[in-house]
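Asks: What follows is a single structure, and I will ask about it in a moment.
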Amino acid sequence: MSSSTISPTASTPIRLGVAALAFLHYLVMLGSTVMLASIIVPAMGGNPGDKARVIQSFLFMSGINTLLQTLIGTRLPTIMNASFAFVVPVLSIARDMDPNNFTNNHQRFLHTMRTTQGALIVASILNMILGFSTIWGAYAKKFSPVIMTPVVCVVGLGLFELGFPQVGKCVEIGLPMLILAVIVQQYVPHYFSHIHERITYLFERYSLLLCIGIVWAFAAILTAAGAYNHVSPKTQQHCRTDRSFLMSSAPWIKIPYPFQWGTPIFTAGHSFGMMGAVLVGAFESTGAHFATARLAGATPPPGHVLSRSVGLQGIGMFLEGIFGAPAGSSVSVENIGLLGLTKVGSRRVIQISTGFMIFFSIFGKFGAFFASIPLPIFAAIYCILFGIVAAVGVSFMQFANKNSMRNIYIIGLSLFLGISVPQYFNEYTSSAGRGPARTNAGWFNDIINTVFASGPTVALIVSSVLDNTLEARGYDSDRGLSWFTPFLRRHKGYSDPRNDEFYSFPIRVHDFVPSRFL
């Protein structure tokens, strides 16, 4: 099996190159983790020390959830990371906490965190029901390449705000990173390929680590030379390497433990509001799994695999609520792009990367060292990785009739609404401080504002409705179902035997899992 496909066994010895790729996956997911914590922790009333502990909790639970998914979930090389879908309900909970009711901000932070924990624990049950009842798998059997094309495209394009808009916040660091990454990873290997093919191999897989190190050192030199001494505080925050305050506030050793912030507070309204984010996590992860399978050389994930993945995702969110992570997890899109960039879709590499996540979540100072990398450096990388994922979505169109006006209509409308609707919700929230949905039921507002702020969710809803209702009968060939059906279904005469190679459980696990999930 080639290096760009999933390793079905775990017999490959751990080499330095594998460890380097695993560390690169850790670094790539670390950037979005820090971005998310930087948004929600200050709004909750937390200080830099609280932010460092939240990042540690995110990393710890990402390691645990990634291991669960790669072992008994989809078995695809996907990293589970804290999702931005939870920003809306978490900020809604934070707004409900009147600062006048607390003696200081830290008390408000703890109370908000405990309320968020309770809401996440209750809301996670929704994904468990959808997954383990196989409802999600039944829904997935309605998918086609016409549906997956806009969904996977928006999985990448929907995160454009984490790309160049963040690069522009410190363009003298972000732009060199973007240009250097393209040159070193794409052009340099071709100029040196005539010397030795090993050079091409090294640059294709590990050049991103080199680029991060060079630009990070450049940012440190600018900081030490005083280039940012007389600029605005916002510019200093994005450009300087010493403005995150994570190194000084992170503990040397801290193991995340259950209810580390206190006993969870359960409120019905906040729990229902959190269910919108939990549902969005399932929608976004479903599209991400199809992108991962495509880049890793696997068959499209069958319905029963997606069901057990969503159910296990619910268990992961339940554990995150217990261990004090203020947001649930979904598939990390940037790491999917990294599979394509490095041309390595190894399950073993992803599992090793969980070791880095857990290690740096426990030894806080070491983790804070890498978390202090300026965010524009990560944003430059995301411009490339999100673009790769978006392009994977376009590749699904090859399995359907590209000349069918019906297909063009469905894909075009779903793609446009998947970008336009969330843009409206996000712009409204930025200007008004809350989403467009404003009824007397706060939980209903949170659900609507969360669901329609997610591009993949909107695209999947629109495309699945149109593709299954608009002249659906008699157009199986145009829709690409002749290619998709053998992978998504397990009925006799339909199931593709290659599914077992990619998605079957490790040995002996079959003895403990119901047959409908095998």
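Naming works like this for the structure tokens: A, B, ... for the chains as they're shown, residue 1 at the start of each chain, ligands 1 onward in shown order.
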Using only C-alpha atoms, which protein or nucleic acid residues come within 10 Å of Ala20 (chain A)? Drop anything in the same chain fewer than 6 positions from it, and give the result as a ChimeraX atom specification.
Replies: /A:26,205-206,209,349,352-353
Asks: Could you list, as a JSON list (two decimals) with N, CA, C and O atoms, in the first residue's frame, every residue within 6 Å of region 27-36 of chain A, counting only C-alpha atoms and ignoring same-chain residues fewer than 3 positions away?
Replies:
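Everything below was put into part03.json:
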[["chain", "number", "residue", "atom", "x", "y", "z"],
["A", 24, "LEU", "N", 4.08, 17.27, 13.58],
["A", 24, "LEU", "CA", 3.54, 18.29, 12.68],
["A", 24, "LEU", "C", 2.01, 18.33, 12.77],
["A", 24, "LEU", "O", 1.41, 19.41, 12.78],
["A", 39, "ILE", "N", -10.84, 33.12, 22.04],
["A", 39, "ILE", "CA", -12.16, 33.73, 21.83],
["A", 39, "ILE", "C", -13.05, 33.56, 23.06],
["A", 39, "ILE", "O", -13.66, 34.53, 23.55],
["A", 378, "PHE", "N", 0.19, 30.21, 11.96],
["A", 378, "PHE", "CA", -0.78, 29.12, 11.77],
["A", 378, "PHE", "C", -1.77, 29.48, 10.66],
["A", 378, "PHE", "O", -2.13, 28.63, 9.85]]
Asks: Wanna dump the region 255-347 of chain A-region 383-399 of chain A contacts at 9 Å for me, each residue with its shortest atom pair and the distance in Å to one decimal, counting only C-alpha atoms, ordered by chain and number, as a Markdown table?
Replies:
| residue | atom | partner | partner_atom | distance |
| --- | --- | --- | --- | --- |
| A:Ala288 | CA | A:Val389 | CA | 8.6 |
| A:Phe290 | CA | A:Gly393 | CA | 8.9 |
| A:Ala291 | CA | A:Val392 | CA | 6.4 |
| A:Thr292 | CA | A:Val389 | CA | 8.7 |
| A:Arg294 | CA | A:Val392 | CA | 7.4 |
| A:Leu295 | CA | A:Val392 | CA | 7.7 |
| A:Val333 | CA | A:Phe386 | CA | 7.0 |
| A:Glu334 | CA | A:Leu385 | CA | 5.5 |
| A:Asn335 | CA | A:Leu385 | CA | 7.7 |
| A:Ile336 | CA | A:Val389 | CA | 6.9 |
| A:Gly337 | CA | A:Leu385 | CA | 4.3 |
| A:Leu338 | CA | A:Leu385 | CA | 6.1 |
| A:Gly340 | CA | A:Ile388 | CA | 7.1 |
| A:Leu341 | CA | A:Leu385 | CA | 7.4 |
Asks: Using only C-alpha atoms, determine which residues lie at most 6 Å from region 84-94 of chain A, disregarding the query and same-chain residues fewer than 2 positions distant; provide the list as a ChimeraX atom specification.
Replies: /A:44,96-97,112,274,277,327,446,450
Asks: Please return, as a PyMOL selection string, all residues of region 188-257 of chain A that DSSP assigns to alpha helix (DSSP H) on the basis of the backbone.
Replies: chain A and resi 188-192+197-224+233-239+246-249
Asks: Counting only C-alpha atoms, which residue out of A:Glu161, A:Ser124, A:Cys153, A:Ile411 sits closest to Asn426 (chain A)?
Replies: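 So, comparing all the options, the nearest one is A:Glu161.
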Asks: Here is a test: counting only C-alpha atoms, which residue of A:Leu460, A:Val151, A:Ala432, A:Ala400 is nearest to Trp483 (chain A)?
Replies: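 Smallest distance to Trp483 (chain A) is found for A:Ala400.
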Asks: Which residue, A:Ile350, A:Leu415, A:Leu180, A:Leu279, has the smallest gap to Ser332 (chain A) when you use only C-alpha atoms?
Replies: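 Of all the options, A:Ile350 lies closest to Ser332 (chain A).
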Asks: Pick out the closest residue to Arg243 (chain A) from this set: A:Thr457, A:Ser372, A:Ser477, A:Gln166. Count only C-alpha atoms.
Replies: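 Smallest distance to Arg243 (chain A) is found for A:Ser372.
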Asks: Which residues are near Ala380 (chain A)? Cut-off 10 Å, only C-alpha atoms, ignore same chain within fewer than 6 positions. Put them as a list in words.
Replies: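 With the cut-off at 10 Å, the set is Leu162, Gly163, Phe164, Pro165, Gln166, Val167, Gly168, Val171, Ile173, Gly174, Leu175, Pro176, Met177, Leu178, Ile179, Leu180 and Ala181 of chain A.
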Asks: Since we have the selection now, will you write its residues out, keeping N, CA, C and O atoms, as a short mmCIF file (atom, residue, chain, number, x, y, z; two decimals), in the first residue's frame?
Replies:
data_model
loop_
_atom_site.label_atom_id
_atom_site.label_comp_id
_atom_site.auth_asym_id
_atom_site.auth_seq_id
_atom_site.Cartn_x
_atom_site.Cartn_y
_atom_site.Cartn_z
N LEU A 162 -10.39 32.00 9.23
CA LEU A 162 -9.19 31.61 9.97
C LEU A 162 -7.95 31.65 9.09
O LEU A 162 -6.85 31.33 9.55
N GLY A 163 -8.13 32.03 7.81
CA GLY A 163 -7.02 32.07 6.88
C GLY A 163 -6.43 33.46 6.75
O GLY A 163 -5.89 34.02 7.71
N PHE A 164 -6.56 34.07 5.57
CA PHE A 164 -5.86 35.33 5.32
C PHE A 164 -6.33 36.48 6.20
O PHE A 164 -5.52 37.38 6.50
N PRO A 165 -7.60 36.54 6.62
CA PRO A 165 -7.95 37.61 7.57
C PRO A 165 -7.09 37.60 8.83
O PRO A 165 -6.81 38.66 9.40
N GLN A 166 -6.65 36.41 9.25
CA GLN A 166 -5.75 36.32 10.41
C GLN A 166 -4.31 36.60 10.00
O GLN A 166 -3.53 37.16 10.77
N VAL A 167 -3.94 36.21 8.78
CA VAL A 167 -2.60 36.53 8.27
C VAL A 167 -2.40 38.04 8.23
O VAL A 167 -1.35 38.57 8.60
N GLY A 168 -3.44 38.75 7.80
CA GLY A 168 -3.35 40.19 7.66
C GLY A 168 -3.19 40.94 8.97
O GLY A 168 -2.82 42.12 8.97
N VAL A 171 0.96 41.01 8.89
CA VAL A 171 1.30 40.60 7.53
C VAL A 171 2.80 40.37 7.36
O VAL A 171 3.22 39.55 6.53
N ILE A 173 4.70 38.80 9.22
CA ILE A 173 5.02 37.43 9.65
C ILE A 173 4.19 36.41 8.88
O ILE A 173 4.70 35.40 8.41
N GLY A 174 2.90 36.70 8.74
CA GLY A 174 2.01 35.74 8.08
C GLY A 174 2.29 35.57 6.61
O GLY A 174 2.34 34.44 6.10
N LEU A 175 2.50 36.67 5.88
CA LEU A 175 2.71 36.57 4.44
C LEU A 175 4.02 35.86 4.09
O LEU A 175 4.03 35.00 3.19
N PRO A 176 5.15 36.17 4.76
CA PRO A 176 6.37 35.39 4.49
C PRO A 176 6.19 33.90 4.76
O PRO A 176 6.74 33.06 4.04
N MET A 177 5.40 33.57 5.79
CA MET A 177 5.15 32.16 6.07
C MET A 177 4.39 31.50 4.91
O MET A 177 4.73 30.39 4.49
N LEU A 178 3.38 32.18 4.40
CA LEU A 178 2.59 31.63 3.29
C LEU A 178 3.45 31.44 2.05
O LEU A 178 3.42 30.38 1.41
N ILE A 179 4.23 32.46 1.69
CA ILE A 179 5.07 32.39 0.49
C ILE A 179 6.16 31.33 0.65
O ILE A 179 6.41 30.52 -0.26
N LEU A 180 6.81 31.33 1.82
CA LEU A 180 7.88 30.36 2.06
C LEU A 180 7.37 28.93 2.02
O LEU A 180 8.03 28.04 1.46
N ALA A 181 6.18 28.70 2.60
CA ALA A 181 5.62 27.34 2.62
C ALA A 181 5.34 26.84 1.20
O ALA A 181 5.61 25.68 0.88
#
Asks: May I ask which of the residues A:Thr200, A:Gln423, A:Gln351, A:Thr485 is the closest one to Ser454 (chain A), counting only C-alpha atoms?
Replies: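 With only C-alpha atoms as the atom set, the closest residue is A:Gln423.
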Asks: Go through A:Leu312, A:Ala250, A:Ala472, A:Ala453 one by one, measure the shortest atom-to-atom distance of each to Asn65 (chain A) using only C-alpha atoms, and give the residue with the smallest value.
Replies: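 Nearest candidate to Asn65 (chain A) out of A:Leu312, A:Ala250, A:Ala472, A:Ala453: A:Leu312.
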Asks: With only C-alpha atoms as the counted atoms, please give the residues lying no more than 8 Å from region 219-231 of chain A, apart from itself and same-chain residues fewer than 6 positions off, as a PyMOL selection string.
Replies: chain A and resi 173+239-242+374
